[in-house]
Amino acid sequence: MIEAKGRSERLDLAALLQSDAPKSGSSDYAVVLPATIELDLRAQVDELVFEDFRATGINGTIRLKDRVLRASPVTFNTADGAVLGSLELDARGGERAAFYPLAIDAQVKDINVRELFREFQDFGQEFIGHKHLSGTARASIAFRAPLSPSMKLDRDRIACTIDIAVDNGAIKEQAQLLAIADYLRKNKLVSPFVDTDELRKRLTEIRFAKLENRIEIRDGAVHVPMMDVRSNALDIELAGTHWFDDRIDHRINFRLSDLFRLGKPTKDEFGPIADDGTGMRIFLRMRGTAQQPIFENDGAMAANKRRQQFQLEKQELRAILREDILGKKPEGQLAQKQPENTQGRITIEPDSTAAPALVQEKPRKGIDRLFKDDKKEKDEGGRVTVEE
């Protein structure tokens, strides 16, 4: 049993985990956790490197018991940002185990997206990598996967959820986005009215102010739910799945009017040209492989969009009926009611302490209600209003 404090100026994790008998031409590792050592270590590491990954200012508590390694909490800096996280590696299966269960939870702040992808070698895929991305991100990550003693992940059994927000980001020269421009150039219905060269130029570098989404990795694929990307090129709604073997299934839609405005001025003699957010939309589905995508019209996504729009319009209609017919305002509007404008008006109210009437007059019926009651008019003279 060891209880200690430890500090290192520099730690090369790859050299520490290097196998004693590596295969020729490879860089195999060997993770072995002893069963006879119990460790409680408060550690400080000024710099840690592992292949392309680099972290500085590491502080954390590391515990080892019964071949289960836990590091929690751990803080460090990497890719120009900060990370707070925890790690657990269960090696109770011993050296003969094919995989060890690995669990990582982390909160990431102000990370340089390009540097992060570069350090992790683009997470083993070529669909979108550090050469395509830029921006500053914050994220919440929950990662579960089997890890082999040779530091290999079973990609088909990875389960990861990432809630990510990217500010002032850009996507450059991404092949699938450029394929959209090439497809529209061949589309006989759209190409005569659209400057496809201008579209391809804009899709070469898409810049956006903010992008938020939840990304899931499971069943050997990356799943991106529907999100709205407002960029300098187009305002696009997209969702998709990208498998680790490079199969793709992406769904994309955008307004046709956005294409028609490409290369045209954004203002006239009356000022900026405003977009009302309506108009016909183009719905595309991109299937096949990342290298050879196949485009087709996406009727299912178009129908789902119409259903969503119908539900929204139905809710708006209900709100109008409640307000105009039933006299009920939606919650939040009652507190926003504007006070009546009394400027230029003098109001004299009757004495509120006067005794109330003991007998209520019966309402007139039939034709008799058409004639004025001089006495009643005199009695209602308790309120005098003078308009300016």
# chains A, B, ... in the order shown; residues from 1 in each chain; ligands from 1
$ residues_around --residues "range 64-66 of chain A" --least-positions-apart "2" --cutoff "7 Å" --atoms "only C-alpha atoms" --output "PyMOL selection string"
chain A and resi 35+37-40+62+68-70+92
$ residues_around --residues "Pro149 in chain A" --least-positions-apart "3" --cutoff "8 Å" --atoms "only C-alpha atoms" --output "MDAnalysis selection string"
chainID A and resid 29:32 95 97:100 152
$ write_last_selection --atoms "N, CA and C atoms" --output "PDB file, in the first residue's frame"
ATOM      1  N   TYR A  29       1.921  -1.269 -27.332  1.00  0.00           N
ATOM      2  CA  TYR A  29       2.009  -0.928 -25.919  1.00  0.00           C
ATOM      3  C   TYR A  29       1.529  -2.118 -25.101  1.00  0.00           C
ATOM      4  N   ALA A  30       1.845  -2.074 -23.816  1.00  0.00           N
ATOM      5  CA  ALA A  30       1.413  -3.135 -22.903  1.00  0.00           C
ATOM      6  C   ALA A  30       0.984  -2.492 -21.588  1.00  0.00           C
ATOM      7  N   VAL A  31      -0.322  -2.483 -21.344  1.00  0.00           N
ATOM      8  CA  VAL A  31      -0.867  -1.938 -20.109  1.00  0.00           C
ATOM      9  C   VAL A  31      -1.040  -3.079 -19.111  1.00  0.00           C
ATOM     10  N   VAL A  32      -0.288  -3.034 -18.017  1.00  0.00           N
ATOM     11  CA  VAL A  32      -0.354  -4.071 -16.982  1.00  0.00           C
ATOM     12  C   VAL A  32      -0.540  -3.374 -15.641  1.00  0.00           C
ATOM     13  N   GLU A  95      -3.764  -9.960 -17.744  1.00  0.00           N
ATOM     14  CA  GLU A  95      -3.055  -9.802 -18.997  1.00  0.00           C
ATOM     15  C   GLU A  95      -3.694 -10.592 -20.133  1.00  0.00           C
ATOM     16  N   ALA A  97      -6.863 -10.823 -20.715  1.00  0.00           N
ATOM     17  CA  ALA A  97      -8.127 -10.227 -21.131  1.00  0.00           C
ATOM     18  C   ALA A  97      -7.950  -9.538 -22.483  1.00  0.00           C
ATOM     19  N   ALA A  98      -8.949  -9.677 -23.346  1.00  0.00           N
ATOM     20  CA  ALA A  98      -8.885  -9.042 -24.666  1.00  0.00           C
ATOM     21  C   ALA A  98      -9.061  -7.535 -24.548  1.00  0.00           C
ATOM     22  N   PHE A  99      -9.953  -7.097 -23.621  1.00  0.00           N
ATOM     23  CA  PHE A  99     -10.218  -5.667 -23.472  1.00  0.00           C
ATOM     24  C   PHE A  99     -10.482  -5.345 -22.010  1.00  0.00           C
ATOM     25  N   TYR A 100     -10.146  -4.105 -21.644  1.00  0.00           N
ATOM     26  CA  TYR A 100     -10.450  -3.571 -20.329  1.00  0.00           C
ATOM     27  C   TYR A 100     -11.556  -2.512 -20.494  1.00  0.00           C
ATOM     28  N   LYS A 152      -5.530  -0.353 -27.862  1.00  0.00           N
ATOM     29  CA  LYS A 152      -6.393  -0.290 -29.030  1.00  0.00           C
ATOM     30  C   LYS A 152      -7.847  -0.297 -28.566  1.00  0.00           C
TER      31      LYS A 152
END
$ residues_around --residues "range 85-87 of chain A" --least-positions-apart "3" --cutoff "12 Å" --atoms "only C-alpha atoms" --output "mmCIF file with C-alpha atoms, in the first residue's frame"
data_model
loop_
_atom_site.group_PDB
_atom_site.id
_atom_site.type_symbol
_atom_site.label_atom_id
_atom_site.label_comp_id
_atom_site.auth_asym_id
_atom_site.auth_seq_id
_atom_site.Cartn_x
_atom_site.Cartn_y
_atom_site.Cartn_z
ATOM 1 C CA ILE A 58 -1.816 18.257 -14.775
ATOM 2 C CA ASN A 59 -3.154 17.929 -11.240
ATOM 3 C CA GLY A 60 -5.127 14.988 -9.903
ATOM 4 C CA THR A 61 -5.577 12.093 -7.542
ATOM 5 C CA ILE A 62 -4.756 8.595 -8.830
ATOM 6 C CA ARG A 63 -5.930 5.480 -7.042
ATOM 7 C CA LEU A 64 -5.210 1.827 -7.802
ATOM 8 C CA VAL A 68 -8.866 -0.911 -11.060
ATOM 9 C CA LEU A 69 -7.248 2.444 -11.871
ATOM 10 C CA ARG A 70 -9.147 5.621 -11.069
ATOM 11 C CA ALA A 71 -8.029 9.197 -11.723
ATOM 12 C CA SER A 72 -10.507 11.682 -10.270
ATOM 13 C CA PRO A 73 -10.646 14.586 -10.301
ATOM 14 C CA VAL A 74 -8.025 15.530 -12.886
ATOM 15 C CA THR A 75 -7.419 18.971 -14.390
ATOM 16 C CA PHE A 76 -5.066 19.879 -17.238
ATOM 17 C CA ASN A 77 -4.620 22.205 -20.198
ATOM 18 C CA ALA A 82 -8.882 23.559 -20.049
ATOM 19 C CA ASP A 90 -10.882 -1.862 -14.982
ATOM 20 C CA PRO A 101 -13.596 -1.449 -19.731
ATOM 21 C CA LEU A 102 -12.651 2.249 -19.985
ATOM 22 C CA ALA A 103 -14.833 5.155 -18.802
ATOM 23 C CA ILE A 104 -14.017 8.850 -19.248
ATOM 24 C CA ASP A 105 -16.126 11.870 -18.247
ATOM 25 C CA ALA A 106 -14.900 15.367 -18.989
ATOM 26 C CA GLN A 107 -15.868 19.018 -19.157
ATOM 27 C CA VAL A 108 -13.978 20.938 -21.843
ATOM 28 C CA LYS A 109 -13.658 24.720 -22.062
ATOM 29 C CA ALA A 139 -18.152 20.429 -24.517
ATOM 30 C CA SER A 140 -19.418 17.854 -22.064
ATOM 31 C CA ILE A 141 -18.184 14.342 -22.878
ATOM 32 C CA ALA A 142 -19.209 10.901 -21.608
ATOM 33 C CA PHE A 143 -17.069 8.157 -23.186
ATOM 34 C CA ARG A 144 -17.296 4.379 -22.696
ATOM 35 C CA ALA A 145 -15.288 1.817 -24.661
#
$ residues_around --residues "Ile111 in chain A" --least-positions-apart "6" --cutoff "9 Å" --atoms "only C-alpha atoms" --output "list in words"
Thr78, Ala79, Asp80, Gly81, Ala82, Val83, Gly135, Thr136, Ala137, Arg138 and Ala139 of chain A
$ write_last_selection --atoms "N, CA and C atoms" --output "JSON list (two decimals), in the first residue's frame"
[["chain", "number", "residue", "atom", "x", "y", "z"],
["A", 78, "THR", "N", -4.90, 21.66, -22.53],
["A", 78, "THR", "CA", -4.49, 21.12, -23.82],
["A", 78, "THR", "C", -5.23, 21.87, -24.92],
["A", 79, "ALA", "N", -4.62, 21.94, -26.10],
["A", 79, "ALA", "CA", -5.23, 22.57, -27.28],
["A", 79, "ALA", "C", -5.76, 23.97, -26.94],
["A", 80, "ASP", "N", -4.98, 24.73, -26.18],
["A", 80, "ASP", "CA", -5.31, 26.11, -25.80],
["A", 80, "ASP", "C", -6.51, 26.22, -24.87],
["A", 81, "GLY", "N", -6.99, 25.10, -24.30],
["A", 81, "GLY", "CA", -8.15, 25.13, -23.42],
["A", 81, "GLY", "C", -7.91, 24.34, -22.15],
["A", 82, "ALA", "N", -8.97, 24.22, -21.35],
["A", 82, "ALA", "CA", -8.88, 23.56, -20.05],
["A", 82, "ALA", "C", -9.84, 22.37, -20.00],
["A", 83, "VAL", "N", -9.44, 21.34, -19.23],
["A", 83, "VAL", "CA", -10.22, 20.11, -19.11],
["A", 83, "VAL", "C", -10.33, 19.74, -17.63],
["A", 135, "GLY", "N", -12.07, 27.00, -34.87],
["A", 135, "GLY", "CA", -13.06, 27.52, -33.92],
["A", 135, "GLY", "C", -12.68, 27.18, -32.50],
["A", 136, "THR", "N", -13.45, 27.73, -31.57],
["A", 136, "THR", "CA", -13.25, 27.50, -30.14],
["A", 136, "THR", "C", -14.47, 26.76, -29.59],
["A", 137, "ALA", "N", -14.22, 25.68, -28.86],
["A", 137, "ALA", "CA", -15.33, 24.81, -28.43],
["A", 137, "ALA", "C", -15.35, 24.63, -26.93],
["A", 138, "ARG", "N", -16.54, 24.36, -26.43],
["A", 138, "ARG", "CA", -16.74, 23.87, -25.07],
["A", 138, "ARG", "C", -17.64, 22.65, -25.20],
["A", 139, "ALA", "N", -17.43, 21.69, -24.34],
["A", 139, "ALA", "CA", -18.15, 20.43, -24.52],
["A", 139, "ALA", "C", -18.24, 19.68, -23.20]]
$ atom_distance --atom1 "CA of Pro192 in chain A" --atom2 "CA of Ala175 in chain A"
23.7 Å
$ residues_around --residues "range 46-56 of chain A" --least-positions-apart "5" --cutoff "7 Å" --atoms "only C-alpha atoms" --output "NGL selection string"
:A and (8-14 or 76-78 or 119-120)
$ write_last_selection --atoms "N, CA and C atoms" --output "PDB file, in the first residue's frame"
ATOM      1  N   SER A   8       6.313  15.391 -11.505  1.00  0.00           N
ATOM      2  CA  SER A   8       7.215  15.141 -12.629  1.00  0.00           C
ATOM      3  C   SER A   8       7.190  16.347 -13.559  1.00  0.00           C
ATOM      4  N   GLU A   9       8.356  16.760 -14.008  1.00  0.00           N
ATOM      5  CA  GLU A   9       8.419  17.869 -14.949  1.00  0.00           C
ATOM      6  C   GLU A   9       7.924  17.453 -16.327  1.00  0.00           C
ATOM      7  N   ARG A  10       8.224  16.211 -16.718  1.00  0.00           N
ATOM      8  CA  ARG A  10       7.790  15.741 -18.042  1.00  0.00           C
ATOM      9  C   ARG A  10       7.613  14.229 -17.989  1.00  0.00           C
ATOM     10  N   LEU A  11       6.505  13.773 -18.563  1.00  0.00           N
ATOM     11  CA  LEU A  11       6.198  12.347 -18.573  1.00  0.00           C
ATOM     12  C   LEU A  11       5.827  11.941 -19.995  1.00  0.00           C
ATOM     13  N   ASP A  12       6.579  10.986 -20.549  1.00  0.00           N
ATOM     14  CA  ASP A  12       6.301  10.433 -21.876  1.00  0.00           C
ATOM     15  C   ASP A  12       5.532   9.132 -21.669  1.00  0.00           C
ATOM     16  N   LEU A  13       4.199   9.203 -21.836  1.00  0.00           N
ATOM     17  CA  LEU A  13       3.366   8.042 -21.549  1.00  0.00           C
ATOM     18  C   LEU A  13       3.609   6.907 -22.533  1.00  0.00           C
ATOM     19  N   ALA A  14       3.923   7.244 -23.780  1.00  0.00           N
ATOM     20  CA  ALA A  14       4.197   6.201 -24.771  1.00  0.00           C
ATOM     21  C   ALA A  14       5.422   5.380 -24.376  1.00  0.00           C
ATOM     22  N   PHE A  76      -6.252  19.612 -16.415  1.00  0.00           N
ATOM     23  CA  PHE A  76      -5.066  19.879 -17.238  1.00  0.00           C
ATOM     24  C   PHE A  76      -5.449  20.815 -18.375  1.00  0.00           C
ATOM     25  N   ASN A  77      -4.441  21.315 -19.051  1.00  0.00           N
ATOM     26  CA  ASN A  77      -4.620  22.205 -20.198  1.00  0.00           C
ATOM     27  C   ASN A  77      -4.132  21.499 -21.457  1.00  0.00           C
ATOM     28  N   THR A  78      -4.899  21.662 -22.531  1.00  0.00           N
ATOM     29  CA  THR A  78      -4.495  21.117 -23.823  1.00  0.00           C
ATOM     30  C   THR A  78      -5.231  21.866 -24.922  1.00  0.00           C
ATOM     31  N   GLU A 119      -4.259  16.541 -32.271  1.00  0.00           N
ATOM     32  CA  GLU A 119      -3.662  15.776 -31.176  1.00  0.00           C
ATOM     33  C   GLU A 119      -4.203  14.346 -31.110  1.00  0.00           C
ATOM     34  N   PHE A 120      -5.469  14.175 -31.450  1.00  0.00           N
ATOM     35  CA  PHE A 120      -6.076  12.843 -31.399  1.00  0.00           C
ATOM     36  C   PHE A 120      -6.112  12.169 -32.764  1.00  0.00           C
TER      37      PHE A 120
END
$ residues_around --residues "Met226 in chain A" --least-positions-apart "6" --cutoff "7 Å" --atoms "only C-alpha atoms" --output "list in words"
Glu237, Leu238 and Ala239 of chain A
$ write_last_selection --atoms "N, CA and C atoms" --output "PDB file, in the first residue's frame"
ATOM      1  N   GLU A 237     -30.120  23.167 -42.871  1.00  0.00           N
ATOM      2  CA  GLU A 237     -30.510  22.208 -41.851  1.00  0.00           C
ATOM      3  C   GLU A 237     -29.968  20.848 -42.269  1.00  0.00           C
ATOM      4  N   LEU A 238     -29.281  20.175 -41.353  1.00  0.00           N
ATOM      5  CA  LEU A 238     -28.684  18.889 -41.726  1.00  0.00           C
ATOM      6  C   LEU A 238     -28.657  17.932 -40.550  1.00  0.00           C
ATOM      7  N   ALA A 239     -28.656  16.665 -40.890  1.00  0.00           N
ATOM      8  CA  ALA A 239     -28.512  15.570 -39.934  1.00  0.00           C
ATOM      9  C   ALA A 239     -27.862  14.424 -40.688  1.00  0.00           C
TER      10      ALA A 239
END
$ atom_distance --atom1 "CA of Gly220 in chain A" --atom2 "CA of Gly240 in chain A"
13.8 Å
$ select_by_dssp --residues "range 197-226 of chain A" --states "helix (DSSP H, G or I)" --output "list of chain:residue names"
A:Asp197, A:Glu198, A:Leu199, A:Arg200, A:Lys201, A:Arg202, A:Leu203, A:Thr204
$ write_last_selection --atoms "C-alpha atoms" --output "mmCIF file, in the first residue's frame"
data_model
loop_
_atom_site.group_PDB
_atom_site.id
_atom_site.type_symbol
_atom_site.label_atom_id
_atom_site.label_comp_id
_atom_site.auth_asym_id
_atom_site.auth_seq_id
_atom_site.Cartn_x
_atom_site.Cartn_y
_atom_site.Cartn_z
ATOM 1 C CA ASP A 197 -19.595 28.523 -59.279
ATOM 2 C CA GLU A 198 -20.356 31.081 -56.569
ATOM 3 C CA LEU A 199 -21.996 28.355 -54.466
ATOM 4 C CA ARG A 200 -18.947 26.109 -54.725
ATOM 5 C CA LYS A 201 -16.699 29.027 -53.806
ATOM 6 C CA ARG A 202 -18.754 29.719 -50.679
ATOM 7 C CA LEU A 203 -18.929 26.073 -49.675
ATOM 8 C CA THR A 204 -15.143 25.873 -49.886
#
$ closest_residue --among "A:Ile164, A:Ile248, A:Ile217, A:Leu41" --to "Gln292 in chain A" --atoms "only C-alpha atoms"
A:Ile248
$ closest_residue --among "A:Arg7, A:His223, A:Arg207, A:His250" --to "Asp235 in chain A" --atoms "only C-alpha atoms"
A:Arg207
$ atom_distance --atom1 "CA of Arg281 in chain A" --atom2 "CA of Phe254 in chain A"
5.4 Å
